[in-house]
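Notes follow the structure.
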Amino acid sequence: MIPAFTSLRRFCTTTMRRAASEFRMTVPWGEMRGQVWGPSHGRPVLCLHGWADNSGSFNTLIPLLPKDWRFVAIDFPGHGFSSHRPDGCFYTFPLYVADVRRVVEALQWKRFSIIGHSMGGNVAGIFSALYPEMVEDVVLLDTYGFLPTEVTDMFKNMRKGINDQIHYDNKIGERKEKVYTYEKAKERLKVANPSLSDQSADILLERAVREVEGGFIFTRDFRINLKNIVNNNIQQCLYILSLVKARVMLLLANEGLSKTFTLPNGHGDMILKSWTDQKATILEIEGDHHIHLNKPESVASIITDFLQAHSPDRTESEFDNNQTSKL
């Protein structure tokens, strides 16, 4: 039995035009945290942030989306206010997918939509393939939904990730959290994420740091920086993609991920072709990797129109019948 979330705390900040509630859910290693907007009976939409970000990534976008929908934006483990994974554990995509499964079980959502940014979009892609009966629509924000790795690199990554984890574990008694002034913490965040505006950096820092004696420390787990030991090659990614039954829209920023991270050997084009074959909507928009946070008005109406174009009223049995008819 997966435990339900334990409390919701009302709060509001000057960076939001709409009040949110704090999401808290017990997990075996601690708790998962996040934010909730909208009525409990509203259309369910799960929001998944990118690597090293947190649920604040959606603070400016969600106020521009329909008020009668139910949005839950989580902090992945090791991010924001969520607990770090236990000592000795790795951060991998399968575990992030399992985190999502725990959350929707606790929320008792049977069918829902997902908005995923960057890494969160990759988690959304895998989850939608594993649980097609649960996902109605997926919006991928500046991500292809899958991140293929060259076969020749897969085991190199695994070896490095294991070695780095063991080295980290062996040094656990020697580590000390670095304390920053707020401005220095903000400067560090913006160096790692050059696309963030000043306001966006402040929003993410609300959950990315906590105050201690002498300043602030980052809340995220350093281990999220270690090499991911579980990778999929392009053939695996294309197969997983073929299992997705949800309606999918990709919003790719023209100054976003494609400018800073290029998939090798035409893998990006191969994934886009597969999405096209799946009848996905693919749009290029003006903006950077954090366009949904920096300039949410650029994407809000596009997302709303896409999600509103589909009625979420199908039952699970209707889904099963539709799938059977395609065989």
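Naming works like this for the structure tokens: A, B, ... for the chains as they're shown, residue 1 at the start of each chain, ligands 1 onward in shown order.
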
Item to check | Within 8 Å of segment 213-217 of chain A using only C-alpha atoms, minus same-chain residues under 2 positions, as an MDAnalysis selection string | outcome: chainID A and resid 177:182 185 209:211 219

N, CA, C and O atoms of the current selection, written as a PDB file, in the first residue's frame:
ATOM      1  N   GLU A 177      28.818  20.961   3.829  1.00  0.00           N
ATOM      2  CA  GLU A 177      28.011  21.779   2.933  1.00  0.00           C
ATOM      3  C   GLU A 177      28.611  23.178   2.839  1.00  0.00           C
ATOM      4  O   GLU A 177      28.936  23.799   3.852  1.00  0.00           O
ATOM      5  N   LYS A 178      28.750  23.670   1.613  1.00  0.00           N
ATOM      6  CA  LYS A 178      29.255  25.017   1.442  1.00  0.00           C
ATOM      7  C   LYS A 178      28.147  26.016   1.702  1.00  0.00           C
ATOM      8  O   LYS A 178      27.024  25.861   1.219  1.00  0.00           O
ATOM      9  N   VAL A 179      28.458  27.037   2.484  1.00  0.00           N
ATOM     10  CA  VAL A 179      27.483  28.071   2.834  1.00  0.00           C
ATOM     11  C   VAL A 179      27.715  29.289   1.948  1.00  0.00           C
ATOM     12  O   VAL A 179      28.847  29.763   1.793  1.00  0.00           O
ATOM     13  N   TYR A 180      26.622  29.793   1.349  1.00  0.00           N
ATOM     14  CA  TYR A 180      26.679  30.925   0.429  1.00  0.00           C
ATOM     15  C   TYR A 180      25.868  32.091   0.976  1.00  0.00           C
ATOM     16  O   TYR A 180      24.896  31.886   1.726  1.00  0.00           O
ATOM     17  N   THR A 181      26.228  33.292   0.569  1.00  0.00           N
ATOM     18  CA  THR A 181      25.273  34.383   0.705  1.00  0.00           C
ATOM     19  C   THR A 181      24.181  34.146  -0.337  1.00  0.00           C
ATOM     20  O   THR A 181      24.370  33.374  -1.289  1.00  0.00           O
ATOM     21  N   TYR A 182      23.052  34.808  -0.178  1.00  0.00           N
ATOM     22  CA  TYR A 182      21.979  34.599  -1.151  1.00  0.00           C
ATOM     23  C   TYR A 182      22.440  34.984  -2.552  1.00  0.00           C
ATOM     24  O   TYR A 182      22.188  34.264  -3.524  1.00  0.00           O
ATOM     25  N   ALA A 185      24.700  32.343  -4.007  1.00  0.00           N
ATOM     26  CA  ALA A 185      23.922  31.154  -4.393  1.00  0.00           C
ATOM     27  C   ALA A 185      23.204  31.410  -5.716  1.00  0.00           C
ATOM     28  O   ALA A 185      23.168  30.546  -6.600  1.00  0.00           O
ATOM     29  N   VAL A 209      17.365  26.435  -1.988  1.00  0.00           N
ATOM     30  CA  VAL A 209      18.272  26.711  -0.867  1.00  0.00           C
ATOM     31  C   VAL A 209      17.472  26.752   0.426  1.00  0.00           C
ATOM     32  O   VAL A 209      16.253  26.945   0.422  1.00  0.00           O
ATOM     33  N   ARG A 210      18.183  26.549   1.520  1.00  0.00           N
ATOM     34  CA  ARG A 210      17.582  26.773   2.835  1.00  0.00           C
ATOM     35  C   ARG A 210      18.570  27.550   3.690  1.00  0.00           C
ATOM     36  O   ARG A 210      19.791  27.438   3.530  1.00  0.00           O
ATOM     37  N   GLU A 211      18.023  28.340   4.573  1.00  0.00           N
ATOM     38  CA  GLU A 211      18.844  29.226   5.392  1.00  0.00           C
ATOM     39  C   GLU A 211      19.454  28.471   6.560  1.00  0.00           C
ATOM     40  O   GLU A 211      18.778  27.671   7.218  1.00  0.00           O
ATOM     41  N   THR A 219      19.678  22.784  -1.340  1.00  0.00           N
ATOM     42  CA  THR A 219      18.919  21.636  -0.839  1.00  0.00           C
ATOM     43  C   THR A 219      19.130  20.391  -1.695  1.00  0.00           C
ATOM     44  O   THR A 219      18.891  19.282  -1.231  1.00  0.00           O
TER      45      THR A 219
END

Closest contacts (segment 83-185 of chain A/segment 264-275 of chain A, max 10 Å, only C-alpha atoms) as a Markdown table:
| residue | atom | partner | partner_atom | distance |
| --- | --- | --- | --- | --- |
| A:Thr143 | CA | A:Gly268 | CA | 9.9 |
| A:Tyr144 | CA | A:Ile271 | CA | 7.0 |
| A:Gly145 | CA | A:Ile271 | CA | 8.7 |
| A:Phe146 | CA | A:Ile271 | CA | 7.9 |
| A:Leu147 | CA | A:Gly268 | CA | 8.8 |
| A:Pro148 | CA | A:His267 | CA | 7.4 |
| A:Thr149 | CA | A:Pro264 | CA | 8.5 |
| A:Glu150 | CA | A:Pro264 | CA | 8.0 |

Please tabulate, as JSON lines, the residues of segment 70-111 of chain A that come within 8 Å of segment 229-251 of chain A, each with its closest pair of atoms and the distance in Å to one decimal, counting only C-alpha atoms and ordering rows by chain, then residue number upward.
{"residue": "A:Phe90", "atom": "CA", "partner": "A:Ile229", "partner_atom": "CA", "distance": 7.9}
{"residue": "A:Thr92", "atom": "CA", "partner": "A:Val230", "partner_atom": "CA", "distance": 6.1}
{"residue": "A:Phe93", "atom": "CA", "partner": "A:Val230", "partner_atom": "CA", "distance": 7.1}
{"residue": "A:Pro94", "atom": "CA", "partner": "A:Val230", "partner_atom": "CA", "distance": 7.9}

Item to check | Near-segment 75-85 of chain A list (6 Å; only C-alpha atoms; drop same-chain fewer than 6 positions) as a list of chain:residue names | outcome: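 Counting only C-alpha atoms, the residues come to A:Gly30, A:Glu31, A:Met32, A:Arg33, A:Gly34, A:Asn54, A:Ser55, A:Arg207, A:Ala208, A:Thr219, A:Arg220, A:Asp221.
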
Checklist entry - Taking the backbone alone, and naming residues the way the document does, which bits of segment 97-223 of chain A are alpha helix (DSSP H) by DSSP, as a PyMOL selection string? => result chain A and resi 97-107+119-130+151-170+182-192+198-208

Item to check | Minimum-distance residue to Ile114 of chain A, chosen among A:Pro194, A:Pro28, A:Pro44, A:Pro39 (using only C-alpha atoms) | outcome: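 Among A:Pro194, A:Pro28, A:Pro44, A:Pro39, it is A:Pro44 that comes nearest to Ile114 of chain A.
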
Checklist outcome for this item: Atom pair atom CA of His290 of chain A + atom CA of Gly42 of chain A, distance 26.5 Å

Next on the checklist: Let's see if you can do this: from backbone DSSP, list all strand (DSSP E or B) residues in segment 184-301 of chain A, as a ChimeraX atom specification.
Outcome noted: /A:209-212,215-218,232,247-255,281-288

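Atom CA of His117 of chain A is positioned 14.3 Å from atom CA of Val100 of chain A.
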
Next on the checklist: I'd like the interatomic distance between atom CA of Ile74 of chain A and atom CA of Leu141 of chain A, to a tenth of an Å.
Outcome noted: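 Separation between atom CA of Ile74 of chain A and atom CA of Leu141 of chain A: 16.0 Å.
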
Checklist entry - So which residues touch Ile291 of chain A within 12 Å, counting only C-alpha atoms, skipping near sequence neighbours fewer than 2 positions away, as a VMD selection string? => result chain A and resid 57 to 58 60 to 61 117 to 118 141 to 142 195 to 197 200 251 to 257 284 to 289 293 to 300

Same residues, N, CA and C atoms, output as a compact mmCIF listing (two decimals), in the first residue's frame:
# COMPACT_ATOMS: atom_id res chain seq x y z
N SER A 57 9.73 25.58 -11.05
CA SER A 57 9.86 25.73 -12.50
C SER A 57 8.53 26.07 -13.16
N PHE A 58 7.42 25.71 -12.49
CA PHE A 58 6.09 25.93 -13.07
C PHE A 58 5.31 27.07 -12.41
N THR A 60 5.33 30.30 -12.72
CA THR A 60 4.81 31.38 -13.55
C THR A 60 3.90 30.87 -14.65
N LEU A 61 4.04 29.60 -15.04
CA LEU A 61 3.22 29.04 -16.11
C LEU A 61 1.83 28.67 -15.63
N HIS A 117 9.32 19.21 -18.41
CA HIS A 117 10.40 20.06 -18.93
C HIS A 117 11.73 19.32 -18.84
N SER A 118 12.47 19.30 -19.95
CA SER A 118 13.83 18.77 -19.98
C SER A 118 13.86 17.35 -19.40
N LEU A 141 8.38 20.06 -22.92
CA LEU A 141 8.93 21.40 -23.00
C LEU A 141 10.44 21.34 -23.22
N ASP A 142 10.86 21.67 -24.42
CA ASP A 142 12.26 21.69 -24.83
C ASP A 142 12.98 20.39 -24.48
N SER A 195 20.32 30.40 -19.00
CA SER A 195 19.08 30.89 -19.60
C SER A 195 18.13 31.49 -18.58
N LEU A 196 18.40 31.33 -17.29
CA LEU A 196 17.48 31.83 -16.26
C LEU A 196 17.53 33.35 -16.15
N SER A 197 16.36 33.98 -16.12
CA SER A 197 16.29 35.41 -15.82
C SER A 197 16.51 35.59 -14.32
N SER A 200 13.43 34.37 -12.50
CA SER A 200 13.32 32.91 -12.54
C SER A 200 14.30 32.28 -11.55
N LEU A 251 7.26 21.16 -27.62
CA LEU A 251 7.55 22.58 -27.81
C LEU A 251 9.06 22.76 -27.68
N LEU A 252 9.72 22.97 -28.81
CA LEU A 252 11.18 23.04 -28.85
C LEU A 252 11.61 24.49 -29.02
N ALA A 253 12.40 24.98 -28.07
CA ALA A 253 12.85 26.37 -28.10
C ALA A 253 14.00 26.53 -29.10
N ASN A 254 13.92 27.56 -29.94
CA ASN A 254 14.95 27.73 -30.97
C ASN A 254 16.30 28.12 -30.39
N GLU A 255 16.31 28.64 -29.17
CA GLU A 255 17.57 28.96 -28.48
C GLU A 255 17.72 28.11 -27.24
N GLY A 256 17.14 26.92 -27.27
CA GLY A 256 17.11 26.06 -26.10
C GLY A 256 18.10 24.93 -26.14
N LEU A 257 17.60 23.74 -25.82
CA LEU A 257 18.47 22.58 -25.65
C LEU A 257 19.27 22.25 -26.90
N GLU A 284 8.25 24.63 -33.07
CA GLU A 284 9.43 25.39 -32.64
C GLU A 284 8.96 26.76 -32.19
N ILE A 285 9.42 27.18 -31.03
CA ILE A 285 9.00 28.46 -30.48
C ILE A 285 10.22 29.34 -30.22
N GLU A 286 10.00 30.64 -30.23
CA GLU A 286 11.07 31.59 -29.93
C GLU A 286 11.33 31.58 -28.44
N GLY A 287 12.57 31.31 -28.06
CA GLY A 287 12.89 31.34 -26.64
C GLY A 287 14.04 30.44 -26.28
N ASP A 288 14.31 30.36 -24.98
CA ASP A 288 15.44 29.59 -24.47
C ASP A 288 14.94 28.35 -23.72
N HIS A 289 15.86 27.65 -23.08
CA HIS A 289 15.54 26.37 -22.46
C HIS A 289 14.51 26.51 -21.34
N LEU A 293 9.31 29.23 -17.90
CA LEU A 293 9.48 29.94 -16.63
C LEU A 293 9.80 31.41 -16.85
N ASN A 294 10.66 31.69 -17.84
CA ASN A 294 11.06 33.08 -18.12
C ASN A 294 9.96 33.88 -18.79
N LYS A 295 9.30 33.27 -19.77
CA LYS A 295 8.24 33.96 -20.53
C LYS A 295 7.06 33.00 -20.75
N PRO A 296 6.37 32.68 -19.68
CA PRO A 296 5.31 31.68 -19.78
C PRO A 296 4.17 32.05 -20.72
N GLU A 297 3.98 33.35 -20.92
CA GLU A 297 2.92 33.79 -21.84
C GLU A 297 3.18 33.33 -23.28
N SER A 298 4.43 32.98 -23.59
CA SER A 298 4.78 32.50 -24.93
C SER A 298 4.26 31.10 -25.21
N VAL A 299 4.02 30.33 -24.14
CA VAL A 299 3.62 28.93 -24.34
C VAL A 299 2.28 28.58 -23.70
N ALA A 300 1.78 29.43 -22.80
CA ALA A 300 0.58 29.08 -22.03
C ALA A 300 -0.62 28.80 -22.92
